[in-house]
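S.K.: Next comes the structure file entry_35.cif, holding mmCIF, C-alpha atoms (C1' of nucleotides).
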```
data_entry
loop_
_atom_site.label_atom_id
_atom_site.label_comp_id
_atom_site.auth_asym_id
_atom_site.auth_seq_id
_atom_site.Cartn_x
_atom_site.Cartn_y
_atom_site.Cartn_z
CA MET A 1 -12.60 -0.13 9.69
CA SER A 2 -10.19 0.88 12.35
CA ASP A 3 -6.82 0.88 10.66
CA ALA A 4 -7.94 2.08 7.32
CA ASP A 5 -5.85 5.18 7.10
CA THR A 6 -2.29 4.20 7.64
CA ASP A 7 -0.92 2.07 4.87
CA ALA A 8 -3.72 2.73 2.48
CA ASP A 9 -3.46 6.44 2.93
CA ALA A 10 -0.88 6.87 0.24
CA VAL A 11 -3.00 4.89 -2.12
CA GLU A 12 -5.92 7.09 -1.27
CA ARG A 13 -4.05 10.24 -2.06
CA ALA A 14 -2.46 8.76 -5.11
CA VAL A 15 -5.81 7.83 -6.46
CA GLU A 16 -7.68 10.99 -5.69
CA GLY A 17 -9.74 12.51 -8.40
CA CYS A 18 -13.11 12.10 -9.95
CA PRO A 19 -13.84 9.23 -12.30
CA ALA A 20 -15.58 10.18 -15.49
CA GLY A 21 -15.85 13.76 -14.40
CA GLY A 22 -15.10 15.37 -17.70
CA ASN A 23 -11.37 14.96 -18.06
CA ASP A 24 -9.81 13.09 -20.90
CA GLU A 25 -6.17 12.95 -19.95
CA GLY A 26 -5.51 9.27 -19.72
CA ARG A 27 -8.41 6.96 -19.17
CA ASP A 28 -9.87 7.61 -15.77
CA GLY A 29 -8.38 10.80 -14.57
CA HIS A 30 -6.34 9.32 -11.78
CA PRO A 31 -2.70 10.35 -11.71
CA ALA A 32 -1.54 6.94 -10.64
CA THR A 33 -3.61 5.24 -13.26
CA ASP A 34 -2.20 7.56 -15.86
CA LEU A 35 1.31 6.56 -14.99
CA PHE A 36 0.40 2.89 -14.91
CA THR A 37 -1.38 3.20 -18.18
CA LEU A 38 1.62 4.87 -19.73
CA LEU A 39 4.06 2.31 -18.41
CA GLY A 40 1.65 -0.51 -19.07
CA ARG A 41 1.77 -0.01 -22.79
CA ALA A 42 3.74 -2.29 -25.01
CA HIS A 43 7.50 -2.03 -24.53
CA ALA A 44 7.08 1.05 -22.39
CA VAL A 45 9.05 -0.23 -19.42
CA PRO A 46 11.82 -1.83 -21.49
CA ILE A 47 12.27 1.36 -23.46
CA LEU A 48 12.32 3.52 -20.38
CA ALA A 49 14.64 1.14 -18.62
CA HIS A 50 16.95 1.16 -21.58
CA LEU A 51 17.01 4.92 -21.61
CA VAL A 52 17.47 5.21 -17.87
CA HIS A 53 20.13 2.55 -17.81
CA GLY A 54 22.17 4.53 -20.27
CA GLY A 55 23.87 6.89 -17.90
CA SER A 56 25.55 8.53 -20.82
CA GLY A 57 22.07 9.26 -21.96
CA ALA A 58 22.36 9.50 -25.68
CA TRP A 59 20.41 6.86 -27.50
CA ARG A 60 19.69 6.79 -31.18
CA PHE A 61 16.40 5.75 -32.62
CA SER A 62 17.81 2.75 -34.43
CA GLU A 63 19.77 1.74 -31.38
CA LEU A 64 16.59 1.46 -29.40
CA GLU A 65 14.80 -0.09 -32.30
CA SER A 66 17.25 -2.91 -32.75
CA ALA A 67 18.14 -3.30 -29.10
CA LEU A 68 14.55 -3.60 -27.98
CA ASP A 69 13.05 -5.19 -31.04
CA VAL A 70 10.19 -2.76 -31.34
CA ALA A 71 8.30 -1.67 -34.39
CA PRO A 72 9.32 1.82 -35.49
CA ASN A 73 5.87 3.30 -35.17
CA THR A 74 5.39 1.83 -31.74
CA LEU A 75 8.78 3.10 -30.66
CA THR A 76 7.93 6.53 -32.00
CA THR A 77 4.64 6.52 -30.14
CA ARG A 78 6.22 5.48 -26.84
CA LEU A 79 8.97 8.04 -27.25
CA GLN A 80 6.47 10.77 -27.97
CA GLU A 81 4.39 9.78 -24.98
CA PHE A 82 7.44 9.77 -22.78
CA ALA A 83 8.53 13.12 -24.13
CA GLU A 84 5.07 14.48 -23.52
CA ALA A 85 5.13 13.14 -20.01
CA GLY A 86 8.49 14.73 -19.46
CA LEU A 87 10.24 11.44 -18.95
CA VAL A 88 12.35 11.66 -22.04
CA GLU A 89 14.13 14.55 -23.66
CA ARG A 90 14.35 14.55 -27.41
CA ARG A 91 17.19 16.31 -29.18
CA SER A 92 17.36 16.46 -32.94
CA TYR A 93 20.52 17.59 -34.66
CA ASP A 94 20.08 19.26 -37.99
CA GLU A 95 22.68 17.39 -39.94
CA ILE A 96 23.04 14.73 -42.57
CA PRO A 97 22.44 11.99 -41.91
CA PRO A 98 19.85 13.20 -39.40
CA ARG A 99 20.58 12.34 -35.84
CA VAL A 100 18.07 12.29 -33.05
CA GLU A 101 18.98 11.43 -29.52
CA TYR A 102 16.74 10.49 -26.69
CA GLN A 103 17.70 10.83 -23.10
CA ALA A 104 15.93 10.00 -19.90
CA THR A 105 15.18 13.08 -17.87
CA ASP A 106 15.70 13.58 -14.19
CA ARG A 107 12.02 12.95 -13.76
CA ALA A 108 12.40 9.51 -15.24
CA ARG A 109 15.39 8.72 -13.07
CA ASP A 110 13.48 9.78 -10.02
CA LEU A 111 11.05 7.00 -10.76
CA ASP A 112 13.69 4.66 -9.45
CA PRO A 113 12.21 4.49 -5.92
CA VAL A 114 8.99 3.29 -7.46
CA PHE A 115 10.75 0.56 -9.36
CA ARG A 116 12.81 -0.21 -6.32
CA ALA A 117 9.69 -0.59 -4.21
CA LEU A 118 8.18 -2.66 -6.95
CA HIS A 119 11.22 -4.85 -7.13
CA ASP A 120 11.15 -5.25 -3.39
CA TRP A 121 7.52 -6.21 -3.56
CA MET A 122 8.15 -8.75 -6.26
CA ASP A 123 11.10 -10.13 -4.41
CA ASP A 124 9.05 -10.41 -1.27
CA HIS A 125 6.02 -12.07 -2.79
CA GLY A 126 7.61 -13.93 -5.62
CA GLU A 127 4.82 -12.94 -7.93
CA PRO A 128 3.73 -16.43 -8.93
CA ALA A 129 0.43 -15.47 -10.42
CA LEU A 130 1.82 -13.00 -12.87
CA GLY A 131 3.96 -15.64 -14.44
CA VAL A 132 7.43 -14.24 -14.40
CA VAL A 133 9.83 -14.05 -11.52
CA VAL A 134 11.84 -10.95 -10.93
CA GLY A 135 15.07 -12.33 -12.29
CA ASP A 136 17.77 -13.15 -9.79
CA GLU A 137 16.84 -12.56 -6.22
CA SER A 138 19.52 -15.06 -5.34
CA ALA A 139 22.18 -12.56 -6.28
CA SER A 140 23.05 -10.15 -3.53
CA ASP A 141 21.98 -6.98 -5.24
CA ASP A 142 20.72 -4.93 -2.33
CA MET B 1 27.21 11.41 -16.29
CA SER B 2 28.96 8.37 -15.04
CA ASP B 3 26.53 6.91 -12.54
CA ALA B 4 24.82 4.51 -14.82
CA ASP B 5 24.50 1.62 -12.46
CA THR B 6 23.19 2.91 -9.19
CA ASP B 7 19.72 4.33 -9.47
CA ALA B 8 18.93 2.54 -12.68
CA ASP B 9 19.93 -0.77 -11.22
CA ALA B 10 16.57 -1.47 -9.70
CA VAL B 11 14.88 -0.66 -12.95
CA GLU B 12 17.21 -3.04 -14.66
CA ARG B 13 16.38 -5.86 -12.34
CA ALA B 14 12.72 -5.04 -12.35
CA VAL B 15 12.63 -5.15 -16.08
CA GLU B 16 14.75 -8.20 -16.61
CA GLY B 17 13.59 -10.76 -19.01
CA CYS B 18 13.54 -11.34 -22.69
CA PRO B 19 11.27 -9.36 -24.95
CA ALA B 20 9.23 -11.50 -27.30
CA GLY B 21 11.18 -14.53 -26.27
CA GLY B 22 8.32 -16.95 -26.07
CA ASN B 23 6.30 -15.91 -23.06
CA ASP B 24 2.75 -14.77 -23.35
CA GLU B 25 1.72 -13.93 -19.82
CA GLY B 26 0.83 -10.30 -20.05
CA ARG B 27 2.00 -8.45 -23.08
CA ASP B 28 5.76 -8.32 -23.03
CA GLY B 29 6.83 -10.79 -20.42
CA HIS B 30 8.31 -8.30 -18.01
CA PRO B 31 7.12 -8.62 -14.44
CA ALA B 32 7.00 -4.89 -13.95
CA THR B 33 5.14 -4.41 -17.18
CA ASP B 34 2.68 -7.06 -16.13
CA LEU B 35 1.90 -5.20 -12.96
CA PHE B 36 1.65 -1.90 -14.76
CA THR B 37 -0.55 -3.45 -17.37
CA LEU B 38 -2.79 -4.90 -14.72
CA LEU B 39 -3.03 -1.67 -12.79
CA GLY B 40 -3.20 0.36 -15.95
CA ARG B 41 -6.50 -1.12 -16.97
CA ALA B 42 -9.71 0.80 -16.55
CA HIS B 43 -10.68 1.42 -12.93
CA ALA B 44 -8.04 -0.98 -11.73
CA VAL B 45 -6.35 1.40 -9.32
CA PRO B 46 -9.60 2.86 -7.95
CA ILE B 47 -10.96 -0.59 -7.34
CA LEU B 48 -7.82 -1.80 -5.67
CA ALA B 49 -7.56 1.37 -3.64
CA HIS B 50 -11.13 0.97 -2.54
CA LEU B 51 -10.49 -2.58 -1.47
CA VAL B 52 -7.25 -1.76 0.28
CA HIS B 53 -8.74 1.25 1.97
CA GLY B 54 -11.34 -0.91 3.59
CA GLY B 55 -9.42 -2.19 6.52
CA SER B 56 -12.30 -4.35 7.51
CA GLY B 57 -11.97 -5.87 4.14
CA ALA B 58 -15.40 -7.04 3.23
CA TRP B 59 -16.78 -5.38 0.16
CA ARG B 60 -19.83 -6.42 -1.74
CA PHE B 61 -20.05 -6.46 -5.47
CA SER B 62 -22.77 -3.85 -5.62
CA GLU B 63 -20.96 -1.69 -3.11
CA LEU B 64 -18.00 -1.48 -5.38
CA GLU B 65 -20.22 -1.12 -8.38
CA SER B 66 -22.07 1.88 -7.06
CA ALA B 67 -19.18 3.41 -5.20
CA LEU B 68 -16.84 3.31 -8.14
CA ASP B 69 -19.29 3.72 -10.97
CA VAL B 70 -17.97 0.81 -12.95
CA ALA B 71 -19.79 -1.39 -15.39
CA PRO B 72 -20.54 -4.81 -13.88
CA ASN B 73 -18.67 -6.75 -16.50
CA THR B 74 -15.63 -4.55 -16.16
CA LEU B 75 -15.76 -4.86 -12.40
CA THR B 76 -16.04 -8.60 -12.69
CA THR B 77 -13.08 -8.71 -15.03
CA ARG B 78 -10.91 -6.55 -12.79
CA LEU B 79 -11.89 -8.57 -9.75
CA GLN B 80 -11.04 -11.80 -11.51
CA GLU B 81 -7.72 -10.44 -12.64
CA PHE B 82 -6.94 -9.26 -9.15
CA ALA B 83 -7.97 -12.58 -7.71
CA GLU B 84 -5.82 -14.36 -10.23
CA ALA B 85 -2.92 -12.11 -9.39
CA GLY B 86 -3.44 -12.83 -5.72
CA LEU B 87 -4.26 -9.26 -4.89
CA VAL B 88 -7.84 -9.93 -3.95
CA GLU B 89 -9.47 -12.78 -2.09
CA ARG B 90 -12.94 -13.75 -3.18
CA ARG B 91 -15.32 -15.39 -0.74
CA SER B 92 -18.74 -16.50 -1.82
CA TYR B 93 -21.35 -17.46 0.73
CA ASP B 94 -23.87 -20.00 -0.35
CA GLU B 95 -27.00 -18.28 0.80
CA ILE B 96 -29.98 -16.45 -0.54
CA PRO B 97 -29.64 -13.77 -1.62
CA PRO B 98 -26.15 -14.73 -2.74
CA ARG B 99 -23.39 -12.81 -1.09
CA VAL B 100 -19.89 -12.47 -2.40
CA GLU B 101 -17.23 -10.53 -0.61
CA TYR B 102 -13.96 -9.28 -1.89
CA GLN B 103 -11.05 -8.45 0.29
CA ALA B 104 -7.62 -7.11 -0.46
CA THR B 105 -4.92 -9.58 0.38
CA ASP B 106 -1.72 -8.95 2.22
CA ARG B 107 -0.02 -8.90 -1.12
CA ALA B 108 -2.14 -6.00 -2.23
CA ARG B 109 -1.52 -4.11 0.97
CA ASP B 110 2.19 -4.59 0.57
CA LEU B 111 1.94 -2.62 -2.63
CA ASP B 112 1.63 0.45 -0.46
CA PRO B 113 5.35 1.31 -0.63
CA VAL B 114 5.03 1.39 -4.39
CA PHE B 115 2.13 3.79 -4.22
CA ARG B 116 3.89 5.74 -1.56
CA ALA B 117 6.96 6.09 -3.75
CA LEU B 118 4.71 7.02 -6.61
CA HIS B 119 2.96 9.60 -4.52
CA ASP B 120 6.28 10.98 -3.46
CA TRP B 121 7.38 11.17 -7.04
CA MET B 122 4.23 12.94 -8.08
CA ASP B 123 4.48 15.30 -5.18
CA ASP B 124 8.07 16.04 -6.06
CA HIS B 125 7.57 16.62 -9.75
CA GLY B 126 4.04 17.90 -9.73
CA GLU B 127 3.27 15.83 -12.76
CA PRO B 128 2.14 18.63 -15.05
CA ALA B 129 2.25 16.69 -18.26
CA LEU B 130 -0.04 13.96 -17.10
CA GLY B 131 -2.78 16.43 -16.42
CA VAL B 132 -3.84 15.78 -12.86
CA VAL B 133 -2.10 16.83 -9.73
CA VAL B 134 -1.74 14.45 -6.84
CA GLY B 135 -4.39 16.03 -4.70
CA ASP B 136 -3.20 17.96 -1.68
CA GLU B 137 0.52 18.30 -1.39
CA SER B 138 -0.12 21.37 0.68
CA ALA B 139 -1.26 19.21 3.55
CA SER B 140 1.54 17.81 5.65
CA ASP B 141 0.86 14.15 5.00
CA ASP B 142 4.34 12.73 4.98
"C1'" DC C 1 -27.67 -10.09 -5.63
"C1'" DA C 2 -23.88 -11.55 -8.47
"C1'" DG C 3 -22.20 -12.37 -12.70
"C1'" DA C 4 -22.15 -14.62 -17.31
"C1'" DA C 5 -23.17 -13.78 -22.14
"C1'" DT C 6 -23.76 -10.93 -25.99
"C1'" DC C 7 -23.07 -6.98 -29.10
"C1'" DC C 8 -20.67 -2.89 -30.50
"C1'" DC C 9 -17.24 0.32 -30.59
"C1'" DT C 10 -12.81 2.29 -29.64
"C1'" DT C 11 -8.02 1.89 -29.05
"C1'" DC C 12 -3.70 -0.40 -29.48
"C1'" DA C 13 0.03 -2.51 -31.74
"C1'" DG C 14 2.52 -4.77 -35.49
"C1'" DA C 15 3.76 -4.91 -40.45
"C1'" DT C 16 4.65 -2.59 -44.44
"C1'" DA C 17 5.77 1.12 -47.46
"C1'" DC C 18 7.14 5.61 -48.28
"C1'" DT C 19 9.35 10.46 -47.40
"C1'" DG C 20 12.74 14.32 -45.69
"C1'" DC D 1 18.88 7.71 -40.44
"C1'" DA D 2 14.50 8.87 -38.56
"C1'" DG D 3 10.56 9.04 -38.84
"C1'" DT D 4 5.42 9.24 -40.92
"C1'" DA D 5 1.20 7.07 -43.21
"C1'" DT D 6 -1.83 3.51 -43.83
"C1'" DC D 7 -3.82 -0.87 -43.02
"C1'" DT D 8 -5.16 -4.97 -40.44
"C1'" DG D 9 -5.83 -7.73 -36.50
"C1'" DA D 10 -6.49 -8.08 -31.76
"C1'" DA D 11 -7.76 -6.79 -27.28
"C1'" DG D 12 -10.12 -3.67 -24.11
"C1'" DG D 13 -14.22 -1.68 -22.27
"C1'" DG D 14 -19.13 -0.21 -21.98
"C1'" DA D 15 -24.11 -1.09 -22.26
"C1'" DT D 16 -27.53 -4.32 -22.18
"C1'" DT D 17 -29.79 -8.61 -21.21
"C1'" DC D 18 -30.47 -12.83 -19.01
"C1'" DT D 19 -29.78 -16.49 -15.48
"C1'" DG D 20 -28.89 -19.03 -10.87
#
```
Please express what this file holds, its structure, as structure tokens.
M.R.:
Amino acid sequence: MSDADTDADAVERAVEGCPAGGNDEGRDGHPATDLFTLLGRAHAVPILAHLVHGGSGAWRFSELESALDVAPNTLTTRLQEFAEAGLVERRSYDEIPPRVEYQATDRARDLDPVFRALHDWMDDHGEPALGVVVGDESASDD
Amino acid sequence: MSDADTDADAVERAVEGCPAGGNDEGRDGHPATDLFTLLGRAHAVPILAHLVHGGSGAWRFSELESALDVAPNTLTTRLQEFAEAGLVERRSYDEIPPRVEYQATDRARDLDPVFRALHDWMDDHGEPALGVVVGDESASDD
DNA sequence: CAGAATCCCTTCAGATACTG
DNA sequence: CAGTATCTGAAGGGATTCTG
């Protein structure tokens, strides 16, 4: 090991913590793992992407439900998890019919570099083993 | 809010695909989700970090097992998944006692920008809701 | 030593039905 | 409209045991 603290350093810091130490936050206690676990759940990324993509911000429950084709309970769970993680802000208006709007927070938008890096990684490696290609790397996006 | 196609663009591209369209690779069919799902599994990030951190590369099964405190079957599963995803290279030497070495591939090392961005995000937002802080943002790492 | 196989348990996620 | 409740099925993950 001679160059084991340059590129892997960020990973090291991002993964710091003690496994099975007594915490019960996510599944291991690692911050990175927590985030991955959260985003790794069903429809998590599509939902978040949909919310983030909406610059206007306001998204109704049924809008997300029909647009993303997600079961209502699952959508509720994801939304709650996101709200709990501070990625989504929930605003309920006390009127009839009831209206609840979900909006991606600044925290969620700031995740963009991560997705950008991820996109760059996928674009660079093609990701053949995972089955799906990124989409259109032929288009001059960035 | 009228900047709905700048920062969220990468997320859009990273999430492209059709939900429940007919694919059955990971769980949704989104490349990003696949990666998150893979890394979101138990001990996935610690294992990968341990492998990436070892610049020399060669890690024995029992080394990982004892160092990470992971059940053998789980470790085997993660290692297989990583190998299948091209993140880890498995080399088995036909000798007695049998020796198998696992090494992080270039593809895995190139994930560093993602982790770096993630670390930066955590460092920026503190990640209070997810329970665990990044580690030492007091130290001048980057 | 490395890991495959087995059993058991927990969690997740979808469908459905019902309420404010 | 926006959920909550309940149920069922399916993976995930751990411990243990056994084999090459």
S.K.: To one decimal place in Å, what is the distance between CA of Ile47 in chain B and CA of Phe82 in chain B?
M.R.: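 Calculated distance between CA of Ile47 in chain B and CA of Phe82 in chain B is 9.7 Å.
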S.K.: Quick one: pull the distance between CA of Thr37 in chain A and C1' of DT16 in chain D, Å, one decimal.
M.R.: 27.5 Å
S.K.: Tell me as a PDB file with C-alpha atoms, in the frame of the given file which residues belonging to chain A come within 8 Å of chain C, counting all atoms listed in the file.
M.R.:
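Written out: out-v9.pdb:
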```pdb
ATOM      1  CA  ALA A  42       3.740  -2.290 -25.010  1.00  0.00           C
ATOM      2  CA  ALA A  71       8.300  -1.670 -34.390  1.00  0.00           C
ATOM      3  CA  THR A  74       5.390   1.830 -31.740  1.00  0.00           C
TER       4      THR A  74
END
```
S.K.: Every residue with an atom at most 10 Å from (19.6, 9.8, -39.3) (file coordinates; all atoms listed in the file) is what I'm after, so could you write them as a PyMOL selection string?
M.R.: (chain A and resi 60-62+92-101) or (chain D and resi 1-3)
S.K.: Pick out the closest residue to chain D from this set: A:Ala104, A:Ala117, A:Ala85, A:Leu64. Count all atoms listed in the file.
M.R.: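 Among A:Ala104, A:Ala117, A:Ala85, A:Leu64, it is A:Leu64 that comes nearest to chain D.
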S.K.: Since the input lacks atoms, please generate N, CA and C atoms for range 45-72 of chain A and provide them as a compact mmCIF listing (two decimals), in the frame of the given file.
M.R.:
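Final file, selection-v8.txt:
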```txt
# COMPACT_ATOMS: atom_id res chain seq x y z
N VAL A 45 8.07 -0.05 -20.48
CA VAL A 45 9.05 -0.23 -19.42
C VAL A 45 10.43 -0.59 -19.98
N PRO A 46 10.51 -1.52 -20.91
CA PRO A 46 11.82 -1.83 -21.49
C PRO A 46 12.48 -0.61 -22.11
N ILE A 47 11.70 0.17 -22.83
CA ILE A 47 12.27 1.36 -23.46
C ILE A 47 12.77 2.33 -22.41
N LEU A 48 11.94 2.58 -21.44
CA LEU A 48 12.32 3.52 -20.38
C LEU A 48 13.53 3.02 -19.61
N ALA A 49 13.52 1.72 -19.35
CA ALA A 49 14.64 1.14 -18.62
C ALA A 49 15.92 1.26 -19.43
N HIS A 50 15.79 1.06 -20.71
CA HIS A 50 16.95 1.16 -21.58
C HIS A 50 17.50 2.58 -21.58
N LEU A 51 16.59 3.53 -21.60
CA LEU A 51 17.01 4.92 -21.61
C LEU A 51 17.62 5.33 -20.26
N VAL A 52 16.98 4.85 -19.20
CA VAL A 52 17.47 5.21 -17.87
C VAL A 52 18.80 4.53 -17.59
N HIS A 53 18.91 3.31 -18.06
CA HIS A 53 20.13 2.55 -17.81
C HIS A 53 21.33 3.21 -18.48
N GLY A 54 21.08 3.85 -19.59
CA GLY A 54 22.17 4.53 -20.27
C GLY A 54 22.53 5.80 -19.55
N GLY A 55 23.48 5.71 -18.67
CA GLY A 55 23.87 6.89 -17.90
C GLY A 55 24.40 7.97 -18.81
N SER A 56 25.06 7.55 -19.86
CA SER A 56 25.55 8.53 -20.82
C SER A 56 24.38 9.27 -21.45
N GLY A 57 23.29 8.57 -21.57
CA GLY A 57 22.07 9.26 -21.96
C GLY A 57 21.72 9.19 -23.42
N ALA A 58 22.67 9.37 -24.25
CA ALA A 58 22.36 9.50 -25.68
C ALA A 58 22.02 8.16 -26.32
N TRP A 59 20.82 8.07 -26.79
CA TRP A 59 20.41 6.86 -27.50
C TRP A 59 19.77 7.22 -28.82
N ARG A 60 20.23 6.56 -29.85
CA ARG A 60 19.69 6.79 -31.18
C ARG A 60 18.40 6.02 -31.36
N PHE A 61 17.67 6.42 -32.34
CA PHE A 61 16.40 5.75 -32.62
C PHE A 61 16.63 4.30 -33.02
N SER A 62 17.55 4.11 -33.93
CA SER A 62 17.81 2.75 -34.43
C SER A 62 18.44 1.88 -33.36
N GLU A 63 19.17 2.50 -32.48
CA GLU A 63 19.77 1.74 -31.38
C GLU A 63 18.66 1.11 -30.53
N LEU A 64 17.71 1.94 -30.18
CA LEU A 64 16.59 1.46 -29.40
C LEU A 64 15.77 0.46 -30.19
N GLU A 65 15.62 0.75 -31.45
CA GLU A 65 14.80 -0.09 -32.30
C GLU A 65 15.36 -1.52 -32.39
N SER A 66 16.65 -1.59 -32.59
CA SER A 66 17.25 -2.91 -32.75
C SER A 66 17.49 -3.57 -31.39
N ALA A 67 17.83 -2.75 -30.41
CA ALA A 67 18.14 -3.30 -29.10
C ALA A 67 16.89 -3.86 -28.42
N LEU A 68 15.77 -3.22 -28.69
CA LEU A 68 14.55 -3.60 -27.98
C LEU A 68 13.59 -4.39 -28.85
N ASP A 69 13.89 -4.45 -30.12
CA ASP A 69 13.05 -5.19 -31.04
C ASP A 69 11.61 -4.66 -31.01
N VAL A 70 11.49 -3.41 -31.33
CA VAL A 70 10.19 -2.76 -31.34
C VAL A 70 9.92 -2.19 -32.72
N ALA A 71 8.66 -2.25 -33.11
CA ALA A 71 8.30 -1.67 -34.39
C ALA A 71 8.54 -0.17 -34.36
N PRO A 72 8.97 0.40 -35.46
CA PRO A 72 9.32 1.82 -35.49
C PRO A 72 8.17 2.73 -35.08
```
